[in-house]
$ cat query-v1.txt   # compact mmCIF, C-alpha atoms
# COMPACT_ATOMS: atom_id res chain seq x y z
CA MET O 1 -5.53 3.34 -4.67
CA ILE O 2 -2.17 1.91 -3.63
CA ILE O 3 -0.05 -0.78 -5.29
CA ILE O 4 2.78 -2.61 -3.53
CA THR O 5 5.62 -4.03 -5.58
CA HIS O 6 6.26 -7.76 -5.80
CA PRO O 7 8.78 -8.55 -3.02
CA GLU O 8 11.12 -10.17 -5.53
CA THR O 9 12.43 -9.09 -8.92
CA ILE O 10 10.02 -9.68 -11.80
CA ASP O 11 10.34 -9.34 -15.56
CA GLU O 12 9.89 -5.81 -16.94
CA GLU O 13 9.16 -4.49 -13.46
CA ALA O 14 10.23 -0.89 -14.09
CA PHE O 15 8.26 -0.85 -17.35
CA TRP O 16 5.05 -1.85 -15.55
CA ILE O 17 5.67 0.52 -12.67
CA ASN O 18 6.03 3.42 -15.07
CA ALA O 19 2.94 2.30 -17.01
CA LEU O 20 0.85 2.18 -13.82
CA LEU O 21 2.02 5.63 -12.78
CA ASP O 22 1.42 6.94 -16.31
CA HIS O 23 -2.19 5.79 -15.99
CA GLY O 24 -2.86 7.62 -12.76
CA LEU O 25 -1.71 5.36 -9.93
CA GLU O 26 -1.58 7.61 -6.85
CA ARG O 27 0.97 5.70 -4.77
CA LEU O 28 3.41 2.86 -5.30
CA HIS O 29 5.01 1.21 -2.28
CA ILE O 30 8.47 -0.18 -3.00
CA ARG O 31 8.68 -3.24 -0.76
CA LYS O 32 11.76 -5.34 -1.47
CA PRO O 33 12.80 -7.07 1.80
CA GLY O 34 15.84 -8.77 0.28
CA TYR O 35 17.16 -5.79 -1.64
CA THR O 36 20.32 -3.92 -0.75
CA ALA O 37 20.41 -0.13 -0.87
CA ALA O 38 22.16 -0.37 -4.24
CA ALA O 39 19.43 -2.62 -5.65
CA ILE O 40 16.62 -0.30 -4.53
CA ASP O 41 18.60 2.67 -5.83
CA GLY O 42 18.85 0.91 -9.19
CA LEU O 43 15.10 0.27 -9.34
CA ILE O 44 14.21 3.86 -8.45
CA ARG O 45 16.51 5.18 -11.17
CA GLN O 46 14.47 3.24 -13.75
CA ILE O 47 11.28 5.04 -12.64
CA ASP O 48 10.41 8.37 -14.24
CA ALA O 49 11.55 11.14 -11.86
CA ARG O 50 8.20 12.88 -12.34
CA TYR O 51 6.70 10.20 -10.13
CA TYR O 52 9.12 10.19 -7.21
CA ASP O 53 6.58 12.02 -5.06
CA ARG O 54 4.23 9.04 -5.46
CA LEU O 55 6.77 6.44 -4.29
CA VAL O 56 6.88 5.05 -0.75
CA LEU O 57 9.97 3.25 0.62
CA HIS O 58 9.62 0.23 2.91
CA GLN O 59 13.37 -0.40 3.23
CA GLN O 60 16.51 1.69 2.94
CA HIS O 61 14.66 4.82 4.07
CA GLN O 62 17.82 6.88 3.76
CA LEU O 63 17.35 6.85 -0.01
CA ALA O 64 14.20 8.96 0.24
CA GLY O 65 16.18 12.16 0.70
CA ALA O 66 18.56 11.33 -2.13
CA PHE O 67 15.64 11.16 -4.59
CA GLY O 68 13.53 13.93 -3.11
CA MET O 69 10.90 11.41 -1.98
CA SER O 70 8.54 12.39 0.83
CA ARG O 71 7.02 9.05 1.92
CA THR O 72 8.33 6.17 4.04
CA HIS O 73 6.62 3.07 5.45
CA TYR O 74 7.30 1.29 8.74
CA THR O 75 6.53 -2.27 9.83
CA GLU O 76 5.15 -3.11 13.26
CA GLU O 77 8.65 -4.07 14.40
CA GLN O 78 10.15 -0.82 13.13
CA ARG O 79 7.39 1.09 14.92
CA ASN O 80 8.77 -0.08 18.28
CA ASP O 81 11.79 2.14 17.68
CA THR O 82 10.13 5.53 18.02
CA THR O 83 13.21 7.53 17.01
CA PHE O 84 11.86 7.79 13.46
CA MET O 85 9.11 10.02 14.85
CA ASP O 86 11.77 12.70 15.25
CA ALA O 87 12.59 12.58 11.54
CA ASP O 88 11.82 15.36 9.11
CA GLN O 89 8.25 16.45 9.85
CA ALA O 90 7.69 16.93 6.12
CA LEU O 91 7.92 13.16 5.64
CA ILE O 92 4.58 11.38 5.20
CA LEU O 93 4.61 8.15 7.21
CA SER O 94 2.59 4.96 6.86
CA THR O 95 2.64 1.66 8.71
CA SER O 96 1.05 -1.81 8.96
CA VAL O 97 -1.23 -3.41 11.57
CA HIS O 98 -3.13 -6.69 11.94
CA THR O 99 -5.72 -5.77 14.57
CA ILE O 100 -8.05 -2.86 15.15
CA GLU O 101 -6.57 -2.46 18.65
CA ALA O 102 -3.15 -1.76 17.14
CA PHE O 103 -4.72 0.59 14.62
CA ASN O 104 -6.64 2.54 17.26
CA GLY O 105 -3.39 3.04 19.21
CA LEU O 106 -1.41 4.48 16.30
CA ASN O 107 0.28 7.84 16.63
CA LYS O 108 -1.35 10.58 14.56
CA ARG O 109 2.03 11.08 12.90
CA PHE O 110 1.00 8.27 10.54
CA SER O 111 -1.02 9.27 7.51
CA TYR O 112 -2.45 5.79 6.90
CA ALA O 113 -2.03 2.16 7.88
CA PHE O 114 -2.48 -1.15 6.07
CA MET O 115 -4.60 -3.69 7.94
CA SER O 116 -4.22 -7.24 6.68
CA PRO O 117 -5.13 -9.78 5.63
CA VAL O 118 -8.71 -8.76 4.86
CA TYR O 119 -9.32 -11.76 2.58
CA GLU O 120 -7.19 -14.81 1.86
CA SER O 121 -3.96 -13.54 0.36
CA ILE O 122 -3.39 -13.94 -3.37
CA SER O 123 0.39 -13.75 -3.09
CA LYS O 124 0.61 -16.02 0.01
CA PRO O 125 -1.81 -18.96 -0.43
CA GLY O 126 -3.22 -20.09 2.91
CA TYR O 127 -2.58 -16.73 4.59
CA ARG O 128 -6.04 -15.65 5.73
CA PRO O 129 -7.62 -13.53 8.48
CA ALA O 130 -7.21 -15.01 11.95
CA THR O 131 -10.24 -13.06 13.17
CA ASP O 132 -13.29 -11.42 11.64
CA LEU O 133 -11.97 -8.01 10.57
CA TRP O 134 -15.47 -6.90 9.60
CA THR O 135 -16.49 -7.17 13.25
CA GLN O 136 -13.25 -5.55 14.40
CA ILE O 137 -13.63 -2.56 12.13
CA LYS O 138 -16.82 -1.55 13.95
CA GLN O 139 -14.60 -0.90 16.99
CA ARG O 140 -12.56 1.70 15.15
CA THR O 141 -11.94 4.85 17.19
CA ASN O 142 -8.94 6.28 15.35
CA THR O 143 -10.19 8.63 12.65
CA ALA O 144 -6.96 10.62 12.32
CA VAL O 145 -5.23 7.79 10.43
CA ALA O 146 -6.68 6.39 7.19
CA LEU O 147 -7.44 2.66 7.24
CA VAL O 148 -6.25 0.77 4.14
CA ALA O 149 -7.36 -2.78 3.32
CA LEU O 150 -4.65 -5.21 2.20
CA GLY O 151 -4.72 -8.91 1.42
CA GLY O 152 -6.79 -10.58 -1.26
CA ILE O 153 -8.09 -7.32 -2.72
CA SER O 154 -9.33 -7.77 -6.31
CA PRO O 155 -11.77 -6.13 -8.75
CA ALA O 156 -14.46 -8.48 -7.40
CA ASN O 157 -14.36 -7.22 -3.81
CA ILE O 158 -13.24 -3.59 -3.94
CA ALA O 159 -16.75 -2.18 -3.65
CA ALA O 160 -17.64 -4.41 -0.67
CA THR O 161 -14.34 -3.53 1.02
CA LEU O 162 -14.82 0.21 0.73
CA ASN O 163 -18.48 -0.03 1.70
CA GLY O 164 -17.47 -2.14 4.69
CA GLY O 165 -15.57 0.66 6.40
CA PHE O 166 -12.10 0.82 4.88
CA ASP O 167 -10.95 4.19 3.55
CA GLU O 168 -8.78 2.82 0.79
CA VAL O 169 -7.45 -0.39 -0.74
CA ALA O 170 -3.96 -1.67 -1.49
CA LEU O 171 -3.17 -4.21 -4.19
CA MET O 172 -0.27 -6.61 -4.52
CA GLY O 173 -1.02 -10.21 -5.52
CA SER O 174 -3.92 -9.23 -7.78
CA ILE O 175 -1.52 -7.01 -9.75
CA TRP O 176 1.57 -9.21 -10.00
CA LYS O 177 0.18 -12.76 -9.75
CA GLN O 178 -2.46 -12.77 -12.51
CA LYS O 179 -2.28 -13.88 -16.13
CA GLN O 180 -3.48 -10.45 -17.22
CA SER O 181 -1.03 -7.59 -17.37
CA PRO O 182 -0.57 -5.47 -14.22
CA LEU O 183 -2.01 -2.48 -16.08
CA ALA O 184 -5.15 -4.36 -17.16
CA VAL O 185 -5.87 -5.51 -13.59
CA TYR O 186 -5.20 -2.02 -12.20
CA GLN O 187 -7.64 -0.48 -14.66
CA GLN O 188 -10.33 -3.00 -13.68
CA CYS O 189 -9.80 -2.14 -10.02
CA ARG O 190 -9.80 1.57 -10.75
CA ASN O 191 -13.07 1.25 -12.68
CA GLN O 192 -14.69 -0.50 -9.72
CA GLN O 193 -13.55 2.26 -7.39
CA THR O 194 -14.74 4.99 -9.78
CA ASN O 195 -18.14 3.34 -10.25
CA LEU O 196 -18.58 3.16 -6.48
CA GLN O 197 -17.73 6.83 -6.08
CA ASP O 198 -20.06 7.82 -8.92
CA ASN O 199 -22.94 5.86 -7.38
CA LYS O 200 -22.43 7.60 -4.03
CA HIS O 201 -22.82 10.98 -5.73
CA VAL O 202 -26.00 10.10 -7.59
$ encode --input "query-v1.txt" --output "structure tokens"
Amino acid sequence: MIIITHPETIDEEAFWINALLDHGLERLHIRKPGYTAAAIDGLIRQIDARYYDRLVLHQQHQLAGAFGMSRTHYTEEQRNDTTFMDADQALILSTSVHTIEAFNGLNKRFSYAFMSPVYESISKPGYRPATDLWTQIKQRTNTAVALVALGGISPANIAATLNGGFDEVALMGSIWKQKQSPLAVYQQCRNQQTNLQDNKHV
């Protein structure tokens, strides 16, 4: 399971990030479009260094090496500049797509890709799928790159999403935009994922 940070600064952000990682979160994407390198550096320094290998940078990729981080994420626009493919081969890369055609054409250098929005976005009201992704996903031919659902993912639809053909889910609005604490929502989502896995092994 993946969580993406709120794009803006929120109260007690580093506290909640550390709490989520303490409770087993596998990956946290640091996505702060408006942040300078200094601001992202400051946020990372508030995160327990034990978890740096679970962090993924969306901006200011040069900071990854400074903190011994091994994961970086690239937008569709950034993907057009293929020079990053020549970067350290030890880096684990991820990216974002909005159609199955774009996903099927991804370079195998990418470990996984977000496809969004799957449902109406929680963090961006009115942002909803332009096409039926459930029909699109049946046209998937790229099995080398993991397909991650993003957009409107919540405890109520995790099971249906994973059963529908996605390999993994990513959470953003459901974590940071609810009245419940980020940790409480994460645990509900994690329980749904665990129950699904347990049922498949019965």
$ residues_around --input "query-v1.txt" --residues "range 169-186 of chain O" --least-positions-apart "3" --cutoff "8 Å" --atoms "all atoms listed in the file" --output "PyMOL selection string"
chain O and resi 1-6+16+19-20+114+121-123+148-155+158+161-162+166+189-190
$ closest_residue --input "query-v1.txt" --among "O:Asn80, O:Gln60, O:Ser96, O:Asn191" --to "Tyr35 in chain O" --atoms "only C-alpha atoms"
O:Gln60
$ atom_distance --input "query-v1.txt" --atom1 "CA of Thr95 in chain O" --atom2 "CA of Leu196 in chain O"
26.1 Å
$ atom_distance --input "query-v1.txt" --atom1 "CA of Asn157 in chain O" --atom2 "CA of Ile10 in chain O"
25.8 Å
$ closest_residue --input "query-v1.txt" --among "O:Asp81, O:Glu8, O:Asp53, O:Asp132" --to "Ala39 in chain O" --atoms "all atoms listed in the file"
O:Glu8
$ closest_residue --input "query-v1.txt" --among "O:Thr143, O:Thr75, O:Thr9, O:Thr135" --to "Ser111 in chain O" --atoms "only C-alpha atoms"
O:Thr143
$ closest_residue --input "query-v1.txt" --among "O:Gln136, O:Gln193, O:Met69, O:Ile30" --to "Asn163 in chain O" --atoms "all atoms listed in the file"
O:Gln193
$ atom_distance --input "query-v1.txt" --atom1 "CA of Glu101 in chain O" --atom2 "CA of Val145 in chain O"
13.2 Å
$ residues_around --input "query-v1.txt" --residues "Arg109 in chain O" --least-positions-apart "2" --cutoff "10 Å" --atoms "only C-alpha atoms" --output "list in words"
Met85, Gln89, Leu91, Ile92, Leu93, Ser94, Leu106, Asn107, Ser111, Tyr112, Ala144 and Val145 of chain O
$ residues_around --input "query-v1.txt" --residues "Asp41 in chain O" --least-positions-apart "3" --cutoff "12 Å" --atoms "all atoms listed in the file" --output "PyMOL selection string"
chain O and resi 30+32+35-38+44-47+57+59-67
$ decode --input "query-v1.txt" --residues "range 51-72 of chain O" --atoms "C-alpha atoms" --output "mmCIF file, in the first residue's frame"
data_model
loop_
_atom_site.group_PDB
_atom_site.id
_atom_site.type_symbol
_atom_site.label_atom_id
_atom_site.label_comp_id
_atom_site.auth_asym_id
_atom_site.auth_seq_id
_atom_site.Cartn_x
_atom_site.Cartn_y
_atom_site.Cartn_z
ATOM 1 C CA TYR O 51 12.441 4.857 6.920
ATOM 2 C CA TYR O 52 14.343 6.679 4.190
ATOM 3 C CA ASP O 53 14.330 3.541 2.049
ATOM 4 C CA ARG O 54 10.513 3.701 2.003
ATOM 5 C CA LEU O 55 10.335 7.315 0.776
ATOM 6 C CA VAL O 56 9.769 8.281 -2.862
ATOM 7 C CA LEU O 57 10.571 11.781 -4.166
ATOM 8 C CA HIS O 58 8.334 13.476 -6.747
ATOM 9 C CA GLN O 59 10.324 16.725 -6.861
ATOM 10 C CA GLN O 60 13.899 17.753 -6.158
ATOM 11 C CA HIS O 61 15.186 14.302 -7.117
ATOM 12 C CA GLN O 62 18.748 15.360 -6.394
ATOM 13 C CA LEU O 63 17.979 15.051 -2.686
ATOM 14 C CA ALA O 64 17.570 11.286 -2.966
ATOM 15 C CA GLY O 65 21.313 10.697 -2.986
ATOM 16 C CA ALA O 66 21.899 13.064 -0.084
ATOM 17 C CA PHE O 67 19.595 10.987 2.137
ATOM 18 C CA GLY O 68 20.484 7.564 0.778
ATOM 19 C CA MET O 69 17.023 7.197 -0.762
ATOM 20 C CA SER O 70 16.564 4.752 -3.631
ATOM 21 C CA ARG O 71 13.183 5.767 -5.131
ATOM 22 C CA THR O 72 12.114 8.620 -7.414
#
